[in-house]
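Data file: upload.cif. Format and content: mmCIF, N, CA, C and O atoms.
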data_target
#
loop_
_atom_site.group_PDB
_atom_site.id
_atom_site.type_symbol
_atom_site.label_atom_id
_atom_site.label_comp_id
_atom_site.auth_asym_id
_atom_site.auth_seq_id
_atom_site.Cartn_x
_atom_site.Cartn_y
_atom_site.Cartn_z
ATOM 1 N N MET J 20 -5.187 -8.131 3.816
ATOM 2 C CA MET J 20 -5.560 -7.002 2.972
ATOM 3 C C MET J 20 -5.118 -5.709 3.647
ATOM 4 O O MET J 20 -5.248 -5.545 4.852
ATOM 5 N N ILE J 21 -4.609 -4.808 2.838
ATOM 6 C CA ILE J 21 -4.358 -3.445 3.306
ATOM 7 C C ILE J 21 -5.613 -2.660 2.973
ATOM 8 O O ILE J 21 -6.024 -2.598 1.819
ATOM 9 N N GLU J 22 -6.233 -2.116 3.978
ATOM 10 C CA GLU J 22 -7.531 -1.459 3.831
ATOM 11 C C GLU J 22 -7.458 -0.159 3.016
ATOM 12 O O GLU J 22 -6.396 0.450 2.879
ATOM 13 N N THR J 23 -8.605 0.275 2.525
ATOM 14 C CA THR J 23 -8.744 1.540 1.808
ATOM 15 C C THR J 23 -8.203 2.679 2.669
ATOM 16 O O THR J 23 -8.517 2.750 3.853
ATOM 17 N N GLU J 24 -7.371 3.525 2.072
ATOM 18 C CA GLU J 24 -6.771 4.704 2.708
ATOM 19 C C GLU J 24 -5.967 4.369 3.972
ATOM 20 O O GLU J 24 -5.789 5.212 4.841
ATOM 21 N N ALA J 25 -5.453 3.139 4.069
ATOM 22 C CA ALA J 25 -4.733 2.697 5.270
ATOM 23 C C ALA J 25 -3.559 3.606 5.630
ATOM 24 O O ALA J 25 -3.316 3.873 6.799
ATOM 25 N N PHE J 26 -2.827 4.075 4.631
ATOM 26 C CA PHE J 26 -1.671 4.932 4.887
ATOM 27 C C PHE J 26 -1.860 6.332 4.295
ATOM 28 O O PHE J 26 -0.893 7.078 4.166
ATOM 29 N N ALA J 27 -3.064 6.676 3.940
ATOM 30 C CA ALA J 27 -3.333 7.985 3.329
ATOM 31 C C ALA J 27 -2.842 9.108 4.237
ATOM 32 O O ALA J 27 -3.003 9.065 5.449
ATOM 33 N N ASN J 28 -2.202 10.075 3.612
ATOM 34 C CA ASN J 28 -1.706 11.278 4.285
ATOM 35 C C ASN J 28 -0.576 11.026 5.284
ATOM 36 O O ASN J 28 -0.334 11.853 6.158
ATOM 37 N N CYS J 29 0.122 9.907 5.163
ATOM 38 C CA CYS J 29 1.302 9.653 6.005
ATOM 39 C C CYS J 29 2.488 10.378 5.366
ATOM 40 O O CYS J 29 3.229 9.807 4.574
ATOM 41 N N THR J 30 2.635 11.620 5.686
ATOM 42 C CA THR J 30 3.621 12.461 5.005
ATOM 43 C C THR J 30 5.065 12.095 5.292
ATOM 44 O O THR J 30 5.949 12.454 4.516
ATOM 45 N N SER J 31 5.345 11.375 6.370
ATOM 46 C CA SER J 31 6.734 11.016 6.668
ATOM 47 C C SER J 31 7.086 9.593 6.240
ATOM 48 O O SER J 31 8.229 9.162 6.387
ATOM 49 N N LEU J 32 6.139 8.861 5.684
ATOM 50 C CA LEU J 32 6.394 7.500 5.209
ATOM 51 C C LEU J 32 7.258 7.572 3.963
ATOM 52 O O LEU J 32 6.893 8.221 2.982
ATOM 53 N N THR J 33 8.428 6.914 3.988
ATOM 54 C CA THR J 33 9.329 6.977 2.842
ATOM 55 C C THR J 33 9.405 5.676 2.059
ATOM 56 O O THR J 33 9.635 5.699 0.857
ATOM 57 N N LEU J 34 9.255 4.543 2.727
ATOM 58 C CA LEU J 34 9.255 3.275 2.014
ATOM 59 C C LEU J 34 8.415 2.267 2.767
ATOM 60 O O LEU J 34 8.203 2.385 3.969
ATOM 61 N N ILE J 35 7.930 1.287 2.027
ATOM 62 C CA ILE J 35 7.135 0.231 2.641
ATOM 63 C C ILE J 35 7.391 -1.060 1.884
ATOM 64 O O ILE J 35 7.497 -1.067 0.657
ATOM 65 N N THR J 36 7.536 -2.135 2.641
ATOM 66 C CA THR J 36 7.638 -3.474 2.077
ATOM 67 C C THR J 36 6.413 -4.234 2.560
ATOM 68 O O THR J 36 6.236 -4.454 3.753
ATOM 69 N N ILE J 37 5.590 -4.604 1.630
ATOM 70 C CA ILE J 37 4.342 -5.292 1.959
ATOM 71 C C ILE J 37 4.650 -6.776 2.157
ATOM 72 O O ILE J 37 5.318 -7.386 1.325
ATOM 73 N N PRO J 38 4.177 -7.355 3.249
ATOM 74 C CA PRO J 38 4.473 -8.762 3.511
ATOM 75 C C PRO J 38 3.822 -9.703 2.498
ATOM 76 O O PRO J 38 2.811 -9.374 1.879
ATOM 77 N N ASP J 39 4.417 -10.882 2.353
ATOM 78 C CA ASP J 39 3.908 -11.877 1.407
ATOM 79 C C ASP J 39 2.488 -12.330 1.711
ATOM 80 O O ASP J 39 1.804 -12.847 0.837
ATOM 81 N N SER J 40 2.032 -12.144 2.936
ATOM 82 C CA SER J 40 0.683 -12.583 3.310
ATOM 83 C C SER J 40 -0.417 -11.691 2.735
ATOM 84 O O SER J 40 -1.583 -12.080 2.711
ATOM 85 N N VAL J 41 -0.062 -10.518 2.254
ATOM 86 C CA VAL J 41 -1.049 -9.577 1.700
ATOM 87 C C VAL J 41 -1.388 -9.970 0.268
ATOM 88 O O VAL J 41 -0.497 -10.204 -0.551
ATOM 89 N N THR J 42 -2.678 -10.037 -0.034
ATOM 90 C CA THR J 42 -3.117 -10.377 -1.390
ATOM 91 C C THR J 42 -3.931 -9.266 -2.041
ATOM 92 O O THR J 42 -4.165 -9.306 -3.248
ATOM 93 N N GLU J 43 -4.356 -8.268 -1.249
ATOM 94 C CA GLU J 43 -5.140 -7.163 -1.788
ATOM 95 C C GLU J 43 -4.722 -5.847 -1.148
ATOM 96 O O GLU J 43 -4.401 -5.815 0.044
ATOM 97 N N ILE J 44 -4.761 -4.793 -1.954
ATOM 98 C CA ILE J 44 -4.475 -3.447 -1.466
ATOM 99 C C ILE J 44 -5.669 -2.586 -1.834
ATOM 100 O O ILE J 44 -6.053 -2.496 -3.006
ATOM 101 N N GLY J 45 -6.281 -1.954 -0.827
ATOM 102 C CA GLY J 45 -7.495 -1.173 -1.035
ATOM 103 C C GLY J 45 -7.269 0.143 -1.768
ATOM 104 O O GLY J 45 -6.140 0.597 -1.960
ATOM 105 N N GLU J 46 -8.363 0.762 -2.150
ATOM 106 C CA GLU J 46 -8.366 2.040 -2.858
ATOM 107 C C GLU J 46 -7.593 3.101 -2.067
ATOM 108 O O GLU J 46 -7.744 3.203 -0.852
ATOM 109 N N ASP J 47 -6.788 3.881 -2.763
ATOM 110 C CA ASP J 47 -6.085 5.032 -2.187
ATOM 111 C C ASP J 47 -5.273 4.689 -0.938
ATOM 112 O O ASP J 47 -5.105 5.527 -0.047
ATOM 113 N N ALA J 48 -4.771 3.474 -0.849
ATOM 114 C CA ALA J 48 -4.035 3.039 0.338
ATOM 115 C C ALA J 48 -2.837 3.934 0.641
ATOM 116 O O ALA J 48 -2.476 4.115 1.797
ATOM 117 N N PHE J 49 -2.234 4.515 -0.385
ATOM 118 C CA PHE J 49 -1.045 5.349 -0.189
ATOM 119 C C PHE J 49 -1.241 6.766 -0.730
ATOM 120 O O PHE J 49 -0.273 7.452 -1.036
ATOM 121 N N SER J 50 -2.471 7.220 -0.823
ATOM 122 C CA SER J 50 -2.718 8.553 -1.383
ATOM 123 C C SER J 50 -2.141 9.656 -0.497
ATOM 124 O O SER J 50 -2.149 9.555 0.736
ATOM 125 N N ASN J 51 -1.619 10.658 -1.143
ATOM 126 C CA ASN J 51 -1.039 11.832 -0.472
ATOM 127 C C ASN J 51 0.133 11.497 0.445
ATOM 128 O O ASN J 51 0.365 12.170 1.437
ATOM 129 N N CYS J 52 0.882 10.467 0.100
ATOM 130 C CA CYS J 52 2.112 10.129 0.826
ATOM 131 C C CYS J 52 3.273 10.756 0.058
ATOM 132 O O CYS J 52 3.986 10.081 -0.683
ATOM 133 N N ALA J 53 3.443 12.045 0.231
ATOM 134 C CA ALA J 53 4.371 12.830 -0.581
ATOM 135 C C ALA J 53 5.825 12.377 -0.481
ATOM 136 O O ALA J 53 6.591 12.544 -1.429
ATOM 137 N N SER J 54 6.225 11.790 0.629
ATOM 138 C CA SER J 54 7.620 11.373 0.808
ATOM 139 C C SER J 54 7.871 9.930 0.390
ATOM 140 O O SER J 54 9.012 9.465 0.407
ATOM 141 N N LEU J 55 6.843 9.211 0.009
ATOM 142 C CA LEU J 55 6.971 7.803 -0.342
ATOM 143 C C LEU J 55 7.762 7.654 -1.638
ATOM 144 O O LEU J 55 7.367 8.172 -2.683
ATOM 145 N N THR J 56 8.884 6.968 -1.564
ATOM 146 C CA THR J 56 9.738 6.786 -2.743
ATOM 147 C C THR J 56 9.853 5.335 -3.180
ATOM 148 O O THR J 56 10.306 5.064 -4.284
ATOM 149 N N SER J 57 9.462 4.385 -2.319
ATOM 150 C CA SER J 57 9.621 2.971 -2.662
ATOM 151 C C SER J 57 8.521 2.139 -2.017
ATOM 152 O O SER J 57 8.258 2.257 -0.823
ATOM 153 N N VAL J 58 7.899 1.289 -2.838
ATOM 154 C CA VAL J 58 6.913 0.332 -2.349
ATOM 155 C C VAL J 58 7.270 -1.021 -2.957
ATOM 156 O O VAL J 58 7.340 -1.148 -4.179
ATOM 157 N N VAL J 59 7.527 -2.004 -2.109
ATOM 158 C CA VAL J 59 7.816 -3.353 -2.573
ATOM 159 C C VAL J 59 6.543 -4.171 -2.420
ATOM 160 O O VAL J 59 6.033 -4.344 -1.311
ATOM 161 N N ILE J 60 6.024 -4.637 -3.556
ATOM 162 C CA ILE J 60 4.757 -5.365 -3.577
ATOM 163 C C ILE J 60 5.020 -6.819 -3.971
ATOM 164 O O ILE J 60 5.596 -7.079 -5.028
ATOM 165 N N PRO J 61 4.605 -7.763 -3.138
ATOM 166 C CA PRO J 61 4.839 -9.172 -3.463
ATOM 167 C C PRO J 61 3.979 -9.640 -4.639
ATOM 168 O O PRO J 61 2.913 -9.059 -4.905
ATOM 169 N N SER J 62 4.424 -10.659 -5.300
ATOM 170 C CA SER J 62 3.695 -11.182 -6.472
ATOM 171 C C SER J 62 2.338 -11.765 -6.108
ATOM 172 O O SER J 62 1.479 -11.910 -6.976
ATOM 173 N N ARG J 63 2.102 -12.071 -4.827
ATOM 174 C CA ARG J 63 0.817 -12.624 -4.405
ATOM 175 C C ARG J 63 -0.308 -11.605 -4.433
ATOM 176 O O ARG J 63 -1.481 -11.963 -4.368
ATOM 177 N N VAL J 64 0.008 -10.328 -4.519
ATOM 178 C CA VAL J 64 -1.036 -9.295 -4.558
ATOM 179 C C VAL J 64 -1.778 -9.444 -5.889
ATOM 180 O O VAL J 64 -1.200 -9.290 -6.962
ATOM 181 N N SER J 65 -3.046 -9.762 -5.784
ATOM 182 C CA SER J 65 -3.840 -10.018 -6.994
ATOM 183 C C SER J 65 -4.819 -8.880 -7.299
ATOM 184 O O SER J 65 -5.402 -8.836 -8.369
ATOM 185 N N ARG J 66 -4.986 -7.942 -6.336
ATOM 186 C CA ARG J 66 -5.893 -6.827 -6.554
ATOM 187 C C ARG J 66 -5.340 -5.591 -5.880
ATOM 188 O O ARG J 66 -4.961 -5.613 -4.712
ATOM 189 N N MET J 67 -5.284 -4.518 -6.668
ATOM 190 C CA MET J 67 -4.861 -3.223 -6.135
ATOM 191 C C MET J 67 -5.891 -2.181 -6.514
ATOM 192 O O MET J 67 -6.245 -2.062 -7.682
ATOM 193 N N GLY J 68 -6.370 -1.445 -5.522
ATOM 194 C CA GLY J 68 -7.315 -0.372 -5.799
ATOM 195 C C GLY J 68 -6.607 0.782 -6.492
ATOM 196 O O GLY J 68 -5.416 0.988 -6.305
ATOM 197 N N ILE J 69 -7.334 1.510 -7.291
ATOM 198 C CA ILE J 69 -6.750 2.634 -8.026
ATOM 199 C C ILE J 69 -7.318 3.924 -7.476
ATOM 200 O O ILE J 69 -8.431 4.026 -7.133
#
Now, as a test, write the supplied structure out as structure tokens.
Amino acid sequence: MIETEAFANCTSLTLITIPDSVTEIGEDAFSNCASLTSVVIPSRVSRMGI
């Protein structure tokens, strides 16, 4: 699981590829990541926080 706000406010993060072992992404995991342009999410992710 990627925890709640795990990458929040990472202003220099531009892309992320989530490994196949991840099945859940917590609330606001990528909030305020202004430079983030690409997120690759595997099909195994069954829950994503909003």
Closest of J:Ile60, J:Leu32, J:Ile21, J:Ala27 to Asp47 in chain J - atom-to-atom distances counting all atoms listed in the file: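 Looking at the shortest contact to Asp47 in chain J, the residue is J:Ala27.
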Matched chain/residue IDs from the PyMOL selection byres ((chain J and resi 58) around 7), as a list in words: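 Taken over the shown coordinates, the PyMOL selection byres ((chain J and resi 58) around 7) returns Thr33, Leu34, Ile35, Thr36, Ile37, Leu55, Thr56, Ser57, Val59 and Ile60 of chain J.
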Expected selection from the PyMOL selection byres ((chain J and resi 22) around 6), given as a ChimeraX atom specification: /J:20-21,23-26,43-48
Filtered DSSP result for chain J, state strand (DSSP E or B), as an MDAnalysis selection string: chainID J and resid 21 34:36 43:44 57:59 66:67
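Using only C-alpha atoms, the set of residues no farther than 9 Å from the position (5.9, 18.0, -1.6) comprises Thr30, Ala53 and Ser54 of chain J.
When the PyMOL selection byres (((chain J and resi 66 and name CA) around 7) and name CA) is run on the displayed coordinates, the residues it returns are Thr42, Glu43, Ile44, Val64, Ser65, Met67 and Gly68 of chain J.
The space between atom N of Ile69 in chain J and CA of Ser31 in chain J spans 22.0 Å.
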Would you mind listing what lies within 6 Å of Asn28 in chain J as a compact mmCIF listing (two decimals) with N, CA, C and O atoms, keeping the file's coordinate frame, with only N, CA, C and O atoms counted and same-chain residues fewer than 5 positions away left out?
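To be explicit, this is the file written out as part33.txt:
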# COMPACT_ATOMS: atom_id res chain seq x y z
N PHE J 49 -2.23 4.51 -0.38
CA PHE J 49 -1.04 5.35 -0.19
C PHE J 49 -1.24 6.77 -0.73
O PHE J 49 -0.27 7.45 -1.04
N SER J 50 -2.47 7.22 -0.82
CA SER J 50 -2.72 8.55 -1.38
C SER J 50 -2.14 9.66 -0.50
O SER J 50 -2.15 9.56 0.74
N ASN J 51 -1.62 10.66 -1.14
CA ASN J 51 -1.04 11.83 -0.47
C ASN J 51 0.13 11.50 0.44
O ASN J 51 0.36 12.17 1.44
N CYS J 52 0.88 10.47 0.10
CA CYS J 52 2.11 10.13 0.83
C CYS J 52 3.27 10.76 0.06
O CYS J 52 3.99 10.08 -0.68
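The space separating atom O of Asp39 in chain J from atom N of Arg63 in chain J comes to 5.7 Å.
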